[in-house]
Structure formats: structure tokens, C-alpha cells
>>> print(open('upload30.pdb').read())   # PDB, C-alpha atoms
ATOM      1  CA  MET A 686     -11.649  -0.340  -8.455
ATOM      2  CA  MET A 687      -9.598   2.751  -9.098
ATOM      3  CA  ILE A 688      -8.637   5.769  -7.038
ATOM      4  CA  LEU A 689      -7.979   8.878  -9.108
ATOM      5  CA  ASP A 690      -6.601  12.136  -7.698
ATOM      6  CA  SER A 691      -7.326  15.055 -10.014
ATOM      7  CA  GLY A 692      -5.618  17.572  -7.750
ATOM      8  CA  THR A 693      -8.868  18.996  -6.383
ATOM      9  CA  GLN A 694     -10.989  15.853  -6.111
ATOM     10  CA  VAL A 695     -10.321  12.205  -5.369
ATOM     11  CA  PHE A 696     -12.567   9.799  -7.232
ATOM     12  CA  LEU A 697     -13.285   6.250  -6.188
ATOM     13  CA  TRP A 698     -14.330   4.465  -9.384
ATOM     14  CA  VAL A 699     -16.276   1.255  -8.857
ATOM     15  CA  GLY A 700     -16.628  -1.289 -11.643
ATOM     16  CA  ALA A 701     -19.659  -3.467 -12.209
ATOM     17  CA  ARG A 702     -18.116  -6.673 -10.848
ATOM     18  CA  CYS A 703     -16.578  -5.332  -7.633
ATOM     19  CA  SER A 704     -17.464  -7.221  -4.487
ATOM     20  CA  GLU A 705     -18.783  -5.557  -1.358
ATOM     21  CA  VAL A 706     -15.501  -6.316   0.421
ATOM     22  CA  GLU A 707     -13.489  -4.666  -2.373
ATOM     23  CA  VAL A 708     -15.694  -1.580  -2.225
ATOM     24  CA  LYS A 709     -15.317  -1.270   1.556
ATOM     25  CA  LEU A 710     -11.536  -1.694   1.432
ATOM     26  CA  ALA A 711     -11.109   0.734  -1.449
ATOM     27  CA  TYR A 712     -13.365   3.294   0.259
ATOM     28  CA  ARG A 713     -11.269   3.082   3.424
ATOM     29  CA  SER A 714      -8.060   3.403   1.396
ATOM     30  CA  ALA A 715      -9.425   6.476  -0.375
ATOM     31  CA  GLN A 716     -10.410   8.034   2.973
ATOM     32  CA  VAL A 717      -6.906   7.467   4.350
ATOM     33  CA  TYR A 718      -5.408   8.954   1.190
ATOM     34  CA  VAL A 719      -7.607  12.069   1.381
ATOM     35  CA  GLN A 720      -6.726  12.556   5.055
ATOM     36  CA  SER A 721      -3.006  12.236   4.337
ATOM     37  CA  MET A 722      -3.239  14.745   1.482
ATOM     38  CA  ARG A 723      -5.104  17.188   3.730
ATOM     39  CA  ALA A 724      -2.258  16.908   6.241
ATOM     40  CA  LYS A 725       0.400  17.405   3.527
ATOM     41  CA  GLN A 726      -1.416  20.141   1.601
ATOM     42  CA  PRO A 727      -3.895  21.893   3.929
ATOM     43  CA  ASP A 728      -4.276  24.787   1.469
ATOM     44  CA  SER A 729      -5.830  22.530  -1.202
ATOM     45  CA  PRO A 730      -8.209  20.043   0.435
ATOM     46  CA  ARG A 731      -9.592  17.298  -1.782
ATOM     47  CA  LYS A 732     -13.155  15.987  -1.811
ATOM     48  CA  LEU A 733     -13.832  12.273  -2.094
ATOM     49  CA  LEU A 734     -16.352  11.482  -4.837
ATOM     50  CA  LEU A 735     -17.814   8.214  -6.127
ATOM     51  CA  ALA A 736     -17.889   7.230  -9.801
ATOM     52  CA  LEU A 737     -19.813   4.159 -10.919
ATOM     53  CA  LYS A 738     -19.083   2.304 -14.158
ATOM     54  CA  GLY A 739     -21.388   3.569 -16.885
ATOM     55  CA  LYS A 740     -22.585   6.517 -14.760
ATOM     56  CA  GLU A 741     -19.382   8.556 -14.598
ATOM     57  CA  SER A 742     -19.853  12.282 -14.042
ATOM     58  CA  ARG A 743     -18.397  14.915 -16.335
ATOM     59  CA  ARG A 744     -15.989  15.874 -13.531
ATOM     60  CA  PHE A 745     -14.564  12.354 -13.690
ATOM     61  CA  THR A 746     -14.484  11.871 -17.462
ATOM     62  CA  LYS A 747     -12.747  15.185 -18.155
ATOM     63  CA  CYS A 748      -9.668  13.748 -16.393
ATOM     64  CA  PHE A 749      -9.213  11.474 -19.422
ATOM     65  CA  HIS A 750      -8.416  13.056 -22.796
ATOM     66  CA  GLY A 751      -9.646  10.079 -24.824
ATOM     67  CA  TRP A 752     -13.002   9.684 -23.049
ATOM     68  CA  GLY A 753     -16.017  10.249 -25.244
ATOM     69  CA  PRO A 754     -19.347   8.820 -26.314
ATOM     70  CA  HIS A 755     -17.665   7.153 -29.306
ATOM     71  CA  ARG A 756     -15.733   4.864 -26.932
ATOM     72  CA  THR A 757     -17.308   1.586 -25.936
ATOM     73  CA  THR A 758     -16.107  -0.939 -23.420
ATOM     74  CA  ILE A 759     -16.241  -4.683 -23.682
ATOM     75  CA  SER A 760     -17.619  -6.394 -20.561
TER
END
>>> encode(input="upload30.pdb", output="C-alpha cells")
Amino acid sequence: MMILDSGTQVFLWVGARCSEVEVKLAYRSAQVYVQSMRAKQPDSPRKLLLALKGKESRRFTKCFHGWGPHRTTIS
């Protein structure tokens, strides 16, 4: 699990081996974070988006300079 704030979007990245309990807790944590950021910075609201391992969107991967098709992960 990972929560990433890009400044305009908050991504909840879910790995392949995450349990249902971990997903629920991380989702709730991300919701609380987004709500707190909306209260602190109402002029720049953030959207909560989901990113799944191996199916990451371009919006998510562009947050990482070294991300590319040449990179492989070991499971």
C-alpha cells in the first residue's frame, strides 16, 4: 500500500498481495487525508484515485522520473 499526493491528485496504490483489511484501512486513511487537505487548501482540492500494481495509469507513473517500460519488478 502507498498513498501518493501529487499536489492535484492523491493516489492509493494497491500491491498484489494486500489483504482486504489493509485495503479498507488504507482507503479510509486516504479519505481522511484528502478531507484534511481540502480543509487546509480549499483552493486546490485533490481527487482520490486508485492505482493497482501492474495497471498504473500514466497520471500515476509520471510522478516517478525513473518509471518506464524498461523497468521490471521482482515479485
>>> resolve_selection(input="upload30.pdb", expression="the PyMOL selection byres ((chain A and resi 709-713) around 12)", output="PyMOL selection string")
chain A and resi 686-689+695-700+703-708+714-720+733-736
>>> residues_near_point(input="upload30.pdb", point="(-5.8, 15.5, -6.3)", cutoff="9 Å", atoms="all atoms listed in the file", output="mmCIF file with C-alpha atoms, in the coordinates of the input")
data_model
loop_
_atom_site.group_PDB
_atom_site.id
_atom_site.type_symbol
_atom_site.label_atom_id
_atom_site.label_comp_id
_atom_site.auth_asym_id
_atom_site.auth_seq_id
_atom_site.Cartn_x
_atom_site.Cartn_y
_atom_site.Cartn_z
ATOM 1 C CA LEU A 689 -7.979 8.878 -9.108
ATOM 2 C CA ASP A 690 -6.601 12.136 -7.698
ATOM 3 C CA SER A 691 -7.326 15.055 -10.014
ATOM 4 C CA GLY A 692 -5.618 17.572 -7.750
ATOM 5 C CA THR A 693 -8.868 18.996 -6.383
ATOM 6 C CA GLN A 694 -10.989 15.853 -6.111
ATOM 7 C CA VAL A 695 -10.321 12.205 -5.369
ATOM 8 C CA PHE A 696 -12.567 9.799 -7.232
ATOM 9 C CA VAL A 719 -7.607 12.069 1.381
ATOM 10 C CA MET A 722 -3.239 14.745 1.482
ATOM 11 C CA SER A 729 -5.830 22.530 -1.202
ATOM 12 C CA PRO A 730 -8.209 20.043 0.435
ATOM 13 C CA ARG A 731 -9.592 17.298 -1.782
ATOM 14 C CA LYS A 732 -13.155 15.987 -1.811
#
>>> atom_distance(input="upload30.pdb", atom1="atom CA of A:Ser742", atom2="atom CA of A:Ala724")
27.2 Å
>>> atom_distance(input="upload30.pdb", atom1="atom CA of A:Gln726", atom2="atom CA of A:Glu741")
26.8 Å
>>> atom_distance(input="upload30.pdb", atom1="atom CA of A:Gly739", atom2="atom CA of A:Ala701")
8.6 Å
>>> decode(input="upload30.pdb", residues="stretch 708-757 of chain A", atoms="N, CA and C atoms", output="compact mmCIF listing (two decimals), in the first residue's frame")
# COMPACT_ATOMS: atom_id res chain seq x y z
N VAL A 708 -6.49 -2.91 2.52
CA VAL A 708 -7.09 -2.04 1.51
C VAL A 708 -8.12 -1.12 2.16
N LYS A 709 -8.98 -1.67 2.99
CA LYS A 709 -10.02 -0.87 3.66
C LYS A 709 -9.41 0.20 4.56
N LEU A 710 -8.39 -0.18 5.34
CA LEU A 710 -7.76 0.79 6.23
C LEU A 710 -7.02 1.88 5.46
N ALA A 711 -6.33 1.50 4.41
CA ALA A 711 -5.60 2.48 3.61
C ALA A 711 -6.57 3.41 2.89
N TYR A 712 -7.69 2.86 2.40
CA TYR A 712 -8.69 3.69 1.72
C TYR A 712 -9.26 4.73 2.69
N ARG A 713 -9.55 4.30 3.90
CA ARG A 713 -10.08 5.23 4.91
C ARG A 713 -9.03 6.29 5.25
N SER A 714 -7.79 5.89 5.38
CA SER A 714 -6.71 6.84 5.67
C SER A 714 -6.58 7.87 4.54
N ALA A 715 -6.66 7.40 3.31
CA ALA A 715 -6.56 8.30 2.16
C ALA A 715 -7.74 9.28 2.14
N GLN A 716 -8.94 8.79 2.47
CA GLN A 716 -10.11 9.68 2.53
C GLN A 716 -9.92 10.77 3.58
N VAL A 717 -9.44 10.39 4.75
CA VAL A 717 -9.20 11.35 5.82
C VAL A 717 -8.15 12.37 5.38
N TYR A 718 -7.11 11.90 4.72
CA TYR A 718 -6.06 12.79 4.24
C TYR A 718 -6.62 13.80 3.23
N VAL A 719 -7.40 13.32 2.28
CA VAL A 719 -7.98 14.21 1.26
C VAL A 719 -8.88 15.25 1.92
N GLN A 720 -9.69 14.83 2.87
CA GLN A 720 -10.57 15.77 3.57
C GLN A 720 -9.76 16.82 4.33
N SER A 721 -8.69 16.40 4.97
CA SER A 721 -7.88 17.37 5.72
C SER A 721 -7.19 18.36 4.78
N MET A 722 -6.75 17.88 3.62
CA MET A 722 -6.12 18.78 2.65
C MET A 722 -7.13 19.75 2.05
N ARG A 723 -8.37 19.30 1.86
CA ARG A 723 -9.41 20.20 1.37
C ARG A 723 -9.69 21.31 2.38
N ALA A 724 -9.63 20.97 3.67
CA ALA A 724 -9.84 21.97 4.71
C ALA A 724 -8.67 22.96 4.77
N LYS A 725 -7.44 22.45 4.59
CA LYS A 725 -6.25 23.30 4.65
C LYS A 725 -6.07 24.14 3.39
N GLN A 726 -6.38 23.54 2.24
CA GLN A 726 -6.17 24.22 0.95
C GLN A 726 -7.43 24.12 0.10
N PRO A 727 -8.48 24.87 0.44
CA PRO A 727 -9.74 24.76 -0.30
C PRO A 727 -9.64 25.21 -1.76
N ASP A 728 -8.62 26.00 -2.09
CA ASP A 728 -8.46 26.47 -3.46
C ASP A 728 -7.85 25.42 -4.39
N SER A 729 -7.30 24.35 -3.83
CA SER A 729 -6.74 23.28 -4.69
C SER A 729 -7.19 21.91 -4.18
N PRO A 730 -8.45 21.56 -4.44
CA PRO A 730 -8.95 20.26 -3.96
C PRO A 730 -8.26 19.11 -4.70
N ARG A 731 -8.06 18.03 -4.00
CA ARG A 731 -7.42 16.85 -4.57
C ARG A 731 -8.44 15.74 -4.78
N LYS A 732 -8.29 15.01 -5.87
CA LYS A 732 -9.13 13.85 -6.15
C LYS A 732 -8.42 12.60 -5.68
N LEU A 733 -9.17 11.67 -5.16
CA LEU A 733 -8.62 10.38 -4.73
C LEU A 733 -8.77 9.38 -5.87
N LEU A 734 -7.64 8.81 -6.30
CA LEU A 734 -7.63 7.86 -7.41
C LEU A 734 -6.95 6.56 -6.98
N LEU A 735 -7.35 5.47 -7.58
CA LEU A 735 -6.81 4.15 -7.28
C LEU A 735 -5.79 3.75 -8.34
N ALA A 736 -4.69 3.16 -7.90
CA ALA A 736 -3.68 2.62 -8.81
C ALA A 736 -3.39 1.18 -8.37
N LEU A 737 -3.54 0.25 -9.28
CA LEU A 737 -3.29 -1.15 -8.99
C LEU A 737 -1.94 -1.58 -9.56
N LYS A 738 -1.23 -2.42 -8.83
CA LYS A 738 0.08 -2.89 -9.30
C LYS A 738 -0.04 -3.53 -10.68
N GLY A 739 0.80 -3.06 -11.59
CA GLY A 739 0.81 -3.60 -12.95
C GLY A 739 -0.20 -2.92 -13.88
N LYS A 740 -1.10 -2.11 -13.33
CA LYS A 740 -2.11 -1.42 -14.14
C LYS A 740 -2.12 0.07 -13.82
N GLU A 741 -0.94 0.62 -13.49
CA GLU A 741 -0.83 2.01 -13.11
C GLU A 741 -1.11 2.92 -14.31
N SER A 742 -1.87 3.97 -14.06
CA SER A 742 -2.20 4.92 -15.12
C SER A 742 -1.01 5.83 -15.41
N ARG A 743 -1.06 6.50 -16.52
CA ARG A 743 0.01 7.44 -16.88
C ARG A 743 0.06 8.58 -15.86
N ARG A 744 -1.09 9.00 -15.35
CA ARG A 744 -1.12 10.05 -14.33
C ARG A 744 -0.29 9.66 -13.11
N PHE A 745 -0.34 8.39 -12.75
CA PHE A 745 0.42 7.89 -11.60
C PHE A 745 1.90 7.76 -11.94
N THR A 746 2.22 7.12 -13.04
CA THR A 746 3.62 6.84 -13.36
C THR A 746 4.43 8.09 -13.66
N LYS A 747 3.79 9.16 -14.13
CA LYS A 747 4.56 10.37 -14.42
C LYS A 747 5.04 11.08 -13.15
N CYS A 748 4.58 10.63 -11.99
CA CYS A 748 5.08 11.17 -10.72
C CYS A 748 6.46 10.64 -10.38
N PHE A 749 6.92 9.63 -11.12
CA PHE A 749 8.20 8.98 -10.86
C PHE A 749 9.09 9.13 -12.09
N HIS A 750 10.21 9.82 -11.93
CA HIS A 750 11.11 10.08 -13.06
C HIS A 750 11.70 8.82 -13.67
N GLY A 751 11.95 7.81 -12.85
CA GLY A 751 12.61 6.60 -13.34
C GLY A 751 11.65 5.53 -13.85
N TRP A 752 10.35 5.81 -13.88
CA TRP A 752 9.38 4.80 -14.29
C TRP A 752 9.41 4.66 -15.81
N GLY A 753 9.43 3.45 -16.29
CA GLY A 753 9.40 3.23 -17.73
C GLY A 753 9.20 1.77 -18.04
N PRO A 754 8.93 1.46 -19.29
CA PRO A 754 8.69 0.06 -19.66
C PRO A 754 9.93 -0.80 -19.52
N HIS A 755 11.11 -0.20 -19.48
CA HIS A 755 12.35 -0.96 -19.33
C HIS A 755 12.55 -1.47 -17.91
N ARG A 756 11.77 -0.93 -16.96
CA ARG A 756 11.89 -1.36 -15.56
C ARG A 756 11.02 -2.59 -15.32
N THR A 757 11.56 -3.55 -14.62
CA THR A 757 10.79 -4.71 -14.24
C THR A 757 10.87 -4.87 -12.74
